[in-house]
>>> print(open('data_28.txt').read())   # compact mmCIF, C-alpha atoms and all ligand atoms
# COMPACT_ATOMS: atom_id res chain seq x y z
CA MET I 1 -145.18 -24.06 144.07
CA ARG I 2 -141.67 -22.66 143.52
CA ARG I 3 -139.01 -25.08 142.29
CA GLY I 4 -135.77 -24.96 144.24
CA LEU I 5 -132.66 -23.59 142.57
CA ALA I 6 -129.10 -24.50 143.56
CA ALA I 7 -126.87 -22.04 141.72
CA GLY I 8 -123.08 -22.14 141.70
CA ASN I 9 -121.00 -19.05 141.02
CA TRP I 10 -117.45 -20.00 140.09
CA LYS I 11 -116.39 -16.33 140.00
CA MET I 12 -112.88 -15.90 138.50
CA ASN I 13 -112.02 -19.55 139.07
CA GLY I 14 -111.76 -22.36 136.56
CA LEU I 15 -109.62 -23.56 133.68
CA SER I 16 -110.41 -26.24 131.13
CA THR I 17 -109.57 -28.90 133.69
CA SER I 18 -112.37 -27.63 135.96
CA LEU I 19 -114.95 -28.90 133.48
CA SER I 20 -114.41 -32.34 135.01
CA GLU I 21 -116.21 -30.95 138.10
CA LEU I 22 -119.22 -30.06 135.95
CA GLU I 23 -119.07 -33.49 134.38
CA ALA I 24 -119.15 -35.09 137.84
CA LEU I 25 -122.08 -32.89 138.87
CA VAL I 26 -124.03 -33.85 135.75
CA ALA I 27 -123.39 -37.53 136.49
CA ALA I 28 -124.42 -37.18 140.14
CA HIS I 29 -127.72 -35.40 139.41
CA ALA I 30 -129.32 -37.01 136.38
CA GLU I 31 -132.85 -36.28 137.58
CA PRO I 32 -132.57 -33.73 140.36
CA GLY I 33 -135.54 -32.73 142.46
CA CYS I 34 -134.55 -29.09 142.02
CA GLU I 35 -132.90 -26.91 139.38
CA VAL I 36 -129.11 -26.97 139.25
CA LEU I 37 -127.10 -24.15 137.69
CA ILE I 38 -123.38 -23.52 137.29
CA CYS I 39 -122.08 -20.08 136.30
CA PRO I 40 -118.47 -20.58 135.22
CA PRO I 41 -116.18 -17.78 134.03
CA ALA I 42 -117.05 -16.47 130.55
CA THR I 43 -114.17 -18.38 128.97
CA LEU I 44 -115.80 -21.69 129.89
CA ILE I 45 -119.48 -20.98 129.22
CA ALA I 46 -119.66 -22.39 125.69
CA ARG I 47 -117.77 -25.56 126.58
CA ALA I 48 -119.70 -26.00 129.81
CA ALA I 49 -123.00 -25.60 127.95
CA GLN I 50 -121.94 -28.21 125.39
CA LEU I 51 -120.91 -30.58 128.13
CA ALA I 52 -124.17 -30.11 130.04
CA GLU I 53 -126.43 -30.24 126.97
CA GLY I 54 -129.24 -32.74 127.40
CA SER I 55 -128.56 -32.97 131.15
CA ALA I 56 -130.47 -31.43 134.04
CA VAL I 57 -127.63 -29.02 134.84
CA MET I 58 -127.93 -25.52 133.39
CA VAL I 59 -125.17 -23.03 132.63
CA GLY I 60 -125.18 -19.28 133.20
CA GLY I 61 -123.05 -16.14 133.03
CA GLN I 62 -121.82 -13.95 135.88
CA ASP I 63 -122.52 -10.57 134.27
CA CYS I 64 -123.60 -8.99 130.99
CA HIS I 65 -123.58 -5.54 129.40
CA ALA I 66 -126.78 -3.52 129.11
CA GLU I 67 -126.29 -2.99 125.37
CA GLY I 68 -126.62 -5.63 122.71
CA ALA I 69 -123.34 -4.92 120.89
CA GLY I 70 -120.81 -2.17 120.33
CA ALA I 71 -117.57 -0.58 121.42
CA HIS I 72 -117.29 -2.00 124.95
CA THR I 73 -113.93 -3.73 125.18
CA GLY I 74 -113.93 -6.73 127.44
CA ASP I 75 -117.70 -6.81 127.95
CA ILE I 76 -120.19 -9.50 127.02
CA SER I 77 -123.80 -8.93 125.93
CA ALA I 78 -126.82 -10.92 126.98
CA ALA I 79 -127.18 -12.12 123.37
CA MET I 80 -123.60 -13.44 123.50
CA LEU I 81 -124.35 -15.36 126.68
CA ARG I 82 -127.45 -16.84 125.09
CA ASP I 83 -125.45 -17.65 121.94
CA ALA I 84 -122.80 -19.43 124.04
CA GLY I 85 -125.49 -21.64 125.58
CA ALA I 86 -126.25 -19.81 128.84
CA SER I 87 -129.80 -19.83 130.17
CA HIS I 88 -129.21 -17.62 133.24
CA VAL I 89 -127.12 -14.65 134.31
CA ILE I 90 -126.10 -13.34 137.74
CA LEU I 91 -126.33 -9.54 137.96
CA GLY I 92 -125.42 -7.01 140.63
CA HIS I 93 -123.25 -9.37 142.65
CA SER I 94 -121.67 -7.44 145.53
CA GLU I 95 -118.22 -8.11 144.06
CA ARG I 96 -119.27 -6.37 140.84
CA ARG I 97 -120.86 -3.56 142.83
CA ALA I 98 -117.61 -3.17 144.84
CA ASP I 99 -114.94 -3.93 142.20
CA HIS I 100 -116.63 -2.22 139.25
CA GLY I 101 -118.69 0.43 141.00
CA GLU I 102 -121.96 -0.98 139.62
CA ARG I 103 -124.99 0.97 140.77
CA ASP I 104 -128.63 -0.12 140.93
CA ALA I 105 -129.52 1.72 137.72
CA GLN I 106 -126.84 -0.19 135.79
CA VAL I 107 -127.94 -3.49 137.26
CA ARG I 108 -131.51 -2.68 136.22
CA ALA I 109 -130.44 -1.84 132.65
CA LYS I 110 -128.44 -5.07 132.44
CA ALA I 111 -131.37 -7.05 133.82
CA LYS I 112 -133.69 -5.52 131.25
CA ALA I 113 -131.28 -6.57 128.48
CA ALA I 114 -130.92 -10.06 129.93
CA MET I 115 -134.68 -10.54 130.22
CA ALA I 116 -135.14 -9.37 126.64
CA GLU I 117 -132.79 -12.21 125.64
CA GLU I 118 -134.88 -14.59 127.75
CA LEU I 119 -132.10 -15.22 130.23
CA VAL I 120 -133.29 -15.99 133.74
CA THR I 121 -131.81 -13.14 135.73
CA ILE I 122 -130.49 -13.60 139.25
CA ILE I 123 -130.31 -10.15 140.83
CA CYS I 124 -128.18 -9.95 143.97
CA VAL I 125 -128.90 -7.67 146.91
CA GLY I 126 -127.27 -7.48 150.31
CA GLU I 127 -126.10 -5.18 153.07
CA THR I 128 -122.58 -4.58 154.39
CA LEU I 129 -121.74 -5.23 158.03
CA GLU I 130 -121.70 -1.47 158.72
CA GLU I 131 -125.19 -1.15 157.26
CA ARG I 132 -126.46 -4.08 159.36
CA ASP I 133 -124.83 -2.71 162.52
CA ALA I 134 -126.52 0.63 161.87
CA SER I 135 -129.90 -1.20 161.61
CA ASN I 136 -130.21 -0.17 157.97
CA THR I 137 -130.48 -3.65 156.46
CA LEU I 138 -134.09 -3.50 155.26
CA ASP I 139 -133.73 0.06 153.94
CA ILE I 140 -130.68 -0.97 151.93
CA ILE I 141 -132.35 -4.11 150.56
CA GLY I 142 -135.54 -2.19 149.77
CA GLY I 143 -133.57 0.42 147.82
CA GLN I 144 -131.62 -2.21 145.90
CA LEU I 145 -134.82 -4.06 145.01
CA SER I 146 -136.58 -0.96 143.69
CA GLY I 147 -133.49 0.29 141.88
CA SER I 148 -132.19 -2.96 140.37
CA ILE I 149 -135.29 -4.88 139.29
CA PRO I 150 -136.85 -3.78 135.99
CA ASP I 151 -140.62 -3.44 135.59
CA GLU I 152 -140.60 -6.26 133.01
CA ALA I 153 -139.68 -8.88 135.63
CA THR I 154 -141.86 -11.98 135.85
CA GLY I 155 -141.91 -15.00 138.13
CA HIS I 156 -139.98 -16.89 135.47
CA SER I 157 -137.43 -14.27 134.41
CA LEU I 158 -136.47 -13.01 137.87
CA VAL I 159 -134.68 -14.69 140.75
CA VAL I 160 -133.51 -12.59 143.70
CA ALA I 161 -130.44 -13.61 145.71
CA TYR I 162 -130.06 -12.18 149.21
CA GLU I 163 -126.36 -12.15 149.91
CA PRO I 164 -125.23 -10.26 153.00
CA VAL I 165 -121.83 -8.88 151.96
CA TRP I 166 -120.33 -9.83 155.33
CA ALA I 167 -121.22 -13.50 154.76
CA ILE I 168 -119.71 -13.89 151.28
CA GLY I 169 -116.53 -15.95 151.29
CA THR I 170 -116.03 -15.28 154.99
CA GLY I 171 -117.28 -18.55 156.46
CA ARG I 172 -119.75 -16.44 158.46
CA VAL I 173 -123.35 -17.44 157.75
CA ALA I 174 -126.35 -15.28 158.59
CA GLU I 175 -128.54 -16.70 161.37
CA PRO I 176 -131.76 -18.37 160.19
CA ALA I 177 -133.77 -15.58 161.85
CA GLN I 178 -131.76 -12.92 159.98
CA ILE I 179 -132.25 -14.74 156.68
CA GLY I 180 -135.96 -15.22 157.36
CA GLU I 181 -136.49 -11.56 158.20
CA VAL I 182 -134.90 -10.38 154.95
CA HIS I 183 -136.49 -13.04 152.74
CA ASP I 184 -139.98 -12.30 154.14
CA PHE I 185 -139.31 -8.61 153.54
CA ILE I 186 -138.22 -9.24 149.93
CA ARG I 187 -141.30 -11.39 149.31
CA GLY I 188 -143.53 -8.62 150.66
CA ARG I 189 -141.85 -6.00 148.50
CA LEU I 190 -142.19 -8.13 145.36
CA GLU I 191 -145.86 -8.80 146.07
CA ARG I 192 -146.50 -5.11 146.64
CA ARG I 193 -144.78 -4.06 143.42
CA PHE I 194 -145.72 -6.87 141.04
CA GLY I 195 -148.90 -8.26 142.60
CA ALA I 196 -149.38 -11.51 144.48
CA GLY I 197 -149.12 -13.79 141.43
CA VAL I 198 -145.72 -12.62 140.25
CA GLY I 199 -144.48 -11.69 143.73
CA ARG I 200 -145.12 -15.17 145.07
CA SER I 201 -143.58 -16.99 142.11
CA VAL I 202 -140.15 -15.29 142.11
CA ARG I 203 -137.53 -17.61 143.64
CA LEU I 204 -135.49 -16.15 146.52
CA LEU I 205 -132.00 -17.55 147.07
CA TYR I 206 -129.76 -17.10 150.07
CA GLY I 207 -126.03 -16.69 149.45
CA GLY I 208 -123.12 -16.39 151.85
CA SER I 209 -120.87 -19.28 152.91
CA VAL I 210 -123.47 -21.96 152.17
CA LYS I 211 -121.97 -25.43 152.57
CA GLY I 212 -123.23 -29.00 152.72
CA ALA I 213 -123.07 -28.77 156.53
CA ASN I 214 -125.36 -25.74 156.88
CA ALA I 215 -127.58 -26.04 153.78
CA ALA I 216 -130.47 -27.98 155.34
CA GLU I 217 -130.89 -25.42 158.14
CA ILE I 218 -130.91 -22.56 155.61
CA PHE I 219 -133.39 -24.29 153.27
CA ALA I 220 -135.78 -24.76 156.19
CA VAL I 221 -136.17 -20.97 156.53
CA SER I 222 -139.40 -19.51 155.13
CA ASN I 223 -139.16 -18.00 151.67
CA VAL I 224 -135.74 -19.55 150.98
CA ASP I 225 -136.06 -21.30 147.62
CA GLY I 226 -132.44 -22.24 147.13
CA ALA I 227 -128.91 -20.91 147.33
CA LEU I 228 -126.33 -18.97 145.37
CA VAL I 229 -123.06 -20.64 146.26
CA GLY I 230 -119.52 -19.43 145.63
CA GLY I 231 -116.64 -21.39 147.14
CA ALA I 232 -118.58 -24.62 147.73
CA SER I 233 -119.70 -24.78 144.09
CA LEU I 234 -116.19 -25.24 142.72
CA THR I 235 -116.13 -28.99 143.18
CA ALA I 236 -118.88 -31.55 142.65
CA GLN I 237 -117.94 -33.09 145.97
CA ASP I 238 -118.79 -29.86 147.84
CA PHE I 239 -121.75 -28.74 145.70
CA SER I 240 -123.55 -32.04 145.43
CA PRO I 241 -124.56 -32.21 149.14
CA ILE I 242 -126.09 -28.73 148.81
CA VAL I 243 -128.16 -29.91 145.82
CA THR I 244 -129.22 -32.96 147.82
CA ALA I 245 -130.20 -30.83 150.83
CA LEU I 246 -132.38 -28.68 148.56
CA GLU I 247 -134.03 -31.76 147.05
CA GLU I 248 -134.76 -33.05 150.53
CA ALA I 249 -136.17 -29.68 151.63
CA ALA I 250 -138.72 -29.90 148.80
CA ASP I 251 -139.92 -33.39 149.86
C1 LIG I 301 -121.25 -15.78 146.18
O1 LIG I 301 -120.25 -15.57 145.55
O2 LIG I 301 -122.32 -15.43 145.71
C2 LIG I 301 -121.14 -16.45 147.48
C3 LIG I 301 -122.21 -16.56 148.20
O3 LIG I 301 -119.88 -16.91 147.83
P1 LIG I 301 -119.57 -17.93 149.04
O4 LIG I 301 -120.56 -19.06 148.94
O5 LIG I 301 -118.16 -18.38 148.79
O6 LIG I 301 -119.72 -17.18 150.30
>>> encode(input="data_28.txt", output="structure tokens")
Amino acid sequence: MRRGLAAGNWKMNGLSTSLSELEALVAAHAEPGCEVLICPPATLIARAAQLAEGSAVMVGGQDCHAEGAGAHTGDISAAMLRDAGASHVILGHSERRADHGERDAQVRAKAKAAMAEELVTIICVGETLEERDASNTLDIIGGQLSGSIPDEATGHSLVVAYEPVWAIGTGRVAEPAQIGEVHDFIRGRLERRFGAGVGRSVRLLYGGSVKGANAAEIFAVSNVDGALVGGASLTAQDFSPIVTALEEAAD
């Protein structure tokens, strides 16, 4: 039985005052029927982790370096995330792949480092609109899965987020049938590579314009175990209904 995961990615949003949103989320979900995670910008991780300590809400990072320490100005290692109180890290988000030219091999190296620090690693995959229109979606996802996921992955350490690039921050949500096709494909690939035990225990999240209004429909799709949410995770008012929809989907 896979436990649902509602993960919020604040991206490059949030100042000290935004911690009140995390506070409200913690208060609203004292005993959630699913896992709840917020990944604030790096500047807020330590304070967010302190604030959420002892609560059901977990805190994660949005990226980490593949090396443990060294001359990498501006970067953060997995050990630093762990030290700041993070339990999870998002890797290979399409914005990092696009803005920073991250390739699958780099994502894999980062994931290996994150897993070695016992961070639960959310690896993002997803096709562009051009790739979908050219009927290349499954080829692209298959390549990203093989290239980005390290051999060390387990059902606990790995979460995969399917995020069609054309649905991120656009208000355009993939159709349930499109989500189902890709999630079933990812499940099959994981089972083939890691065996049924591990392959069936990895959580698969959908990401791309998830909101309170569309969450229930998305969570009803087979092999959708939760969501990675950008814009609608910035306030407790918007994120809370998504958490509730995931709790209800598990009932
Ligand atoms: C994301 O950043 O991972 C994301 C899915 O963003 P949004 O929910 O805003 O589309």
>>> residues_near_ligand(input="data_28.txt", ligand="ligand LIG 301 (chain I)", cutoff="10 Å", atoms="all atoms listed in the file", output="PyMOL selection string")
chain I and resi 7-11+62+90+93-95+124+161-173+205-211+227-234
>>> atom_distance(input="data_28.txt", atom1="CA of Arg203 in chain I", atom2="CA of Leu37 in chain I")
13.7 Å
>>> closest_residue(input="data_28.txt", among="I:Asn136, I:Ser157, I:Ser201, I:Thr128", to="Val89 in chain I", atoms="all atoms listed in the file")
I:Ser157
>>> closest_residue(input="data_28.txt", among="I:Ala46, I:Arg103, I:Arg3, I:Ala114", to="Ser77 in chain I", atoms="all atoms listed in the file")
I:Ala114
>>> residues_around(input="data_28.txt", residues="Ala48 in chain I", least_positions_apart="5", cutoff="8 Å", atoms="all atoms listed in the file", output="PyMOL selection string")
chain I and resi 19+22+40+59
>>> atom_distance(input="data_28.txt", atom1="CA of Asp225 in chain I", atom2="CA of Arg2 in chain I")
7.1 Å
>>> closest_residue(input="data_28.txt", among="I:Glu217, I:Glu152, I:Glu67, I:Glu23", to="Glu53 in chain I", atoms="all atoms listed in the file")
I:Glu23
>>> atom_distance(input="data_28.txt", atom1="CA of Leu81 in chain I", atom2="CA of Ile122 in chain I")
14.1 Å
>>> closest_residue(input="data_28.txt", among="I:Leu129, I:Ala6, I:Met58, I:Leu190", to="Pro241 in chain I", atoms="only C-alpha atoms")
I:Ala6
>>> closest_residue(input="data_28.txt", among="I:Gly70, I:Gly60, I:Pro32, I:Gly101", to="Ala84 in chain I", atoms="only C-alpha atoms")
I:Gly60
>>> closest_residue(input="data_28.txt", among="I:Val36, I:Val160, I:Leu44, I:Ala250", to="Ala236 in chain I", atoms="only C-alpha atoms")
I:Val36
>>> residues_around(input="data_28.txt", residues="Ile141 in chain I", least_positions_apart="2", cutoff="7 Å", atoms="only C-alpha atoms", output="VMD selection string")
chain I and resid 125 to 127 137 to 139 143 to 145
>>> axis_aligned_box(input="data_28.txt", around="range 9-18 of chain I", padding_each_side="8 Å", output="AutoDock Vina command-line options")
--center_x -115.3 --center_y -22.4 --center_z 136.1 --size_x 27.4 --size_y 29.0 --size_z 25.9
>>> build_atoms(input="data_28.txt", residues="range 220-231 of chain I", atoms="all heavy atoms", output="PDB file, keeping the file's coordinate frame")
ATOM      1  N   ALA I 220    -134.565 -24.627 155.377  1.00  0.00           N
ATOM      2  CA  ALA I 220    -135.780 -24.760 156.190  1.00  0.00           C
ATOM      3  C   ALA I 220    -136.394 -23.396 156.514  1.00  0.00           C
ATOM      4  O   ALA I 220    -137.520 -23.311 157.011  1.00  0.00           O
ATOM      5  CB  ALA I 220    -135.443 -25.493 157.486  1.00  0.00           C
ATOM      6  N   VAL I 221    -135.678 -22.324 156.210  1.00  0.00           N
ATOM      7  CA  VAL I 221    -136.170 -20.970 156.530  1.00  0.00           C
ATOM      8  C   VAL I 221    -137.265 -20.583 155.522  1.00  0.00           C
ATOM      9  O   VAL I 221    -137.160 -20.882 154.333  1.00  0.00           O
ATOM     10  CB  VAL I 221    -135.002 -19.957 156.472  1.00  0.00           C
ATOM     11  CG1 VAL I 221    -135.502 -18.536 156.689  1.00  0.00           C
ATOM     12  CG2 VAL I 221    -133.932 -20.324 157.497  1.00  0.00           C
ATOM     13  N   SER I 222    -138.286 -19.877 156.012  1.00  0.00           N
ATOM     14  CA  SER I 222    -139.400 -19.510 155.130  1.00  0.00           C
ATOM     15  C   SER I 222    -138.923 -18.593 154.014  1.00  0.00           C
ATOM     16  O   SER I 222    -138.055 -17.740 154.216  1.00  0.00           O
ATOM     17  CB  SER I 222    -140.516 -18.833 155.935  1.00  0.00           C
ATOM     18  OG  SER I 222    -140.249 -17.473 156.089  1.00  0.00           O
ATOM     19  N   ASN I 223    -139.478 -18.799 152.861  1.00  0.00           N
ATOM     20  CA  ASN I 223    -139.160 -18.000 151.670  1.00  0.00           C
ATOM     21  C   ASN I 223    -137.720 -18.162 151.160  1.00  0.00           C
ATOM     22  O   ASN I 223    -137.239 -17.333 150.400  1.00  0.00           O
ATOM     23  CB  ASN I 223    -139.462 -16.508 151.898  1.00  0.00           C
ATOM     24  CG  ASN I 223    -140.936 -16.211 151.687  1.00  0.00           C
ATOM     25  OD1 ASN I 223    -141.522 -16.666 150.716  1.00  0.00           O
ATOM     26  ND2 ASN I 223    -141.541 -15.478 152.614  1.00  0.00           N
ATOM     27  N   VAL I 224    -137.049 -19.214 151.582  1.00  0.00           N
ATOM     28  CA  VAL I 224    -135.740 -19.550 150.980  1.00  0.00           C
ATOM     29  C   VAL I 224    -135.994 -20.665 149.971  1.00  0.00           C
ATOM     30  O   VAL I 224    -136.415 -21.760 150.324  1.00  0.00           O
ATOM     31  CB  VAL I 224    -134.713 -19.998 152.038  1.00  0.00           C
ATOM     32  CG1 VAL I 224    -133.434 -20.498 151.358  1.00  0.00           C
ATOM     33  CG2 VAL I 224    -134.392 -18.849 152.984  1.00  0.00           C
ATOM     34  N   ASP I 225    -135.757 -20.348 148.705  1.00  0.00           N
ATOM     35  CA  ASP I 225    -136.060 -21.300 147.620  1.00  0.00           C
ATOM     36  C   ASP I 225    -134.803 -21.911 147.019  1.00  0.00           C
ATOM     37  O   ASP I 225    -134.875 -22.550 145.967  1.00  0.00           O
ATOM     38  CB  ASP I 225    -136.847 -20.583 146.511  1.00  0.00           C
ATOM     39  CG  ASP I 225    -138.106 -19.924 147.051  1.00  0.00           C
ATOM     40  OD1 ASP I 225    -138.871 -20.608 147.743  1.00  0.00           O
ATOM     41  OD2 ASP I 225    -138.303 -18.711 146.798  1.00  0.00           O
ATOM     42  N   GLY I 226    -133.676 -21.672 147.661  1.00  0.00           N
ATOM     43  CA  GLY I 226    -132.440 -22.240 147.130  1.00  0.00           C
ATOM     44  C   GLY I 226    -131.263 -21.396 147.574  1.00  0.00           C
ATOM     45  O   GLY I 226    -131.374 -20.580 148.495  1.00  0.00           O
ATOM     46  N   ALA I 227    -130.131 -21.608 146.903  1.00  0.00           N
ATOM     47  CA  ALA I 227    -128.910 -20.910 147.330  1.00  0.00           C
ATOM     48  C   ALA I 227    -128.092 -20.478 146.128  1.00  0.00           C
ATOM     49  O   ALA I 227    -128.124 -21.109 145.063  1.00  0.00           O
ATOM     50  CB  ALA I 227    -128.072 -21.812 148.213  1.00  0.00           C
ATOM     51  N   LEU I 228    -127.375 -19.373 146.311  1.00  0.00           N
ATOM     52  CA  LEU I 228    -126.330 -18.970 145.370  1.00  0.00           C
ATOM     53  C   LEU I 228    -125.017 -19.234 146.120  1.00  0.00           C
ATOM     54  O   LEU I 228    -124.791 -18.686 147.199  1.00  0.00           O
ATOM     55  CB  LEU I 228    -126.472 -17.480 145.008  1.00  0.00           C
ATOM     56  CG  LEU I 228    -125.431 -16.922 144.028  1.00  0.00           C
ATOM     57  CD1 LEU I 228    -125.381 -17.723 142.731  1.00  0.00           C
ATOM     58  CD2 LEU I 228    -125.739 -15.458 143.692  1.00  0.00           C
ATOM     59  N   VAL I 229    -124.221 -20.088 145.539  1.00  0.00           N
ATOM     60  CA  VAL I 229    -123.060 -20.640 146.260  1.00  0.00           C
ATOM     61  C   VAL I 229    -121.780 -20.294 145.524  1.00  0.00           C
ATOM     62  O   VAL I 229    -121.666 -20.544 144.324  1.00  0.00           O
ATOM     63  CB  VAL I 229    -123.203 -22.182 146.354  1.00  0.00           C
ATOM     64  CG1 VAL I 229    -122.056 -22.773 147.167  1.00  0.00           C
ATOM     65  CG2 VAL I 229    -124.552 -22.575 146.946  1.00  0.00           C
ATOM     66  N   GLY I 230    -120.816 -19.737 146.236  1.00  0.00           N
ATOM     67  CA  GLY I 230    -119.520 -19.430 145.630  1.00  0.00           C
ATOM     68  C   GLY I 230    -118.548 -20.570 145.846  1.00  0.00           C
ATOM     69  O   GLY I 230    -118.529 -21.562 145.112  1.00  0.00           O
ATOM     70  N   GLY I 231    -117.726 -20.452 146.886  1.00  0.00           N
ATOM     71  CA  GLY I 231    -116.640 -21.390 147.140  1.00  0.00           C
ATOM     72  C   GLY I 231    -117.048 -22.867 147.080  1.00  0.00           C
ATOM     73  O   GLY I 231    -116.344 -23.683 146.476  1.00  0.00           O
TER      74      GLY I 231
END
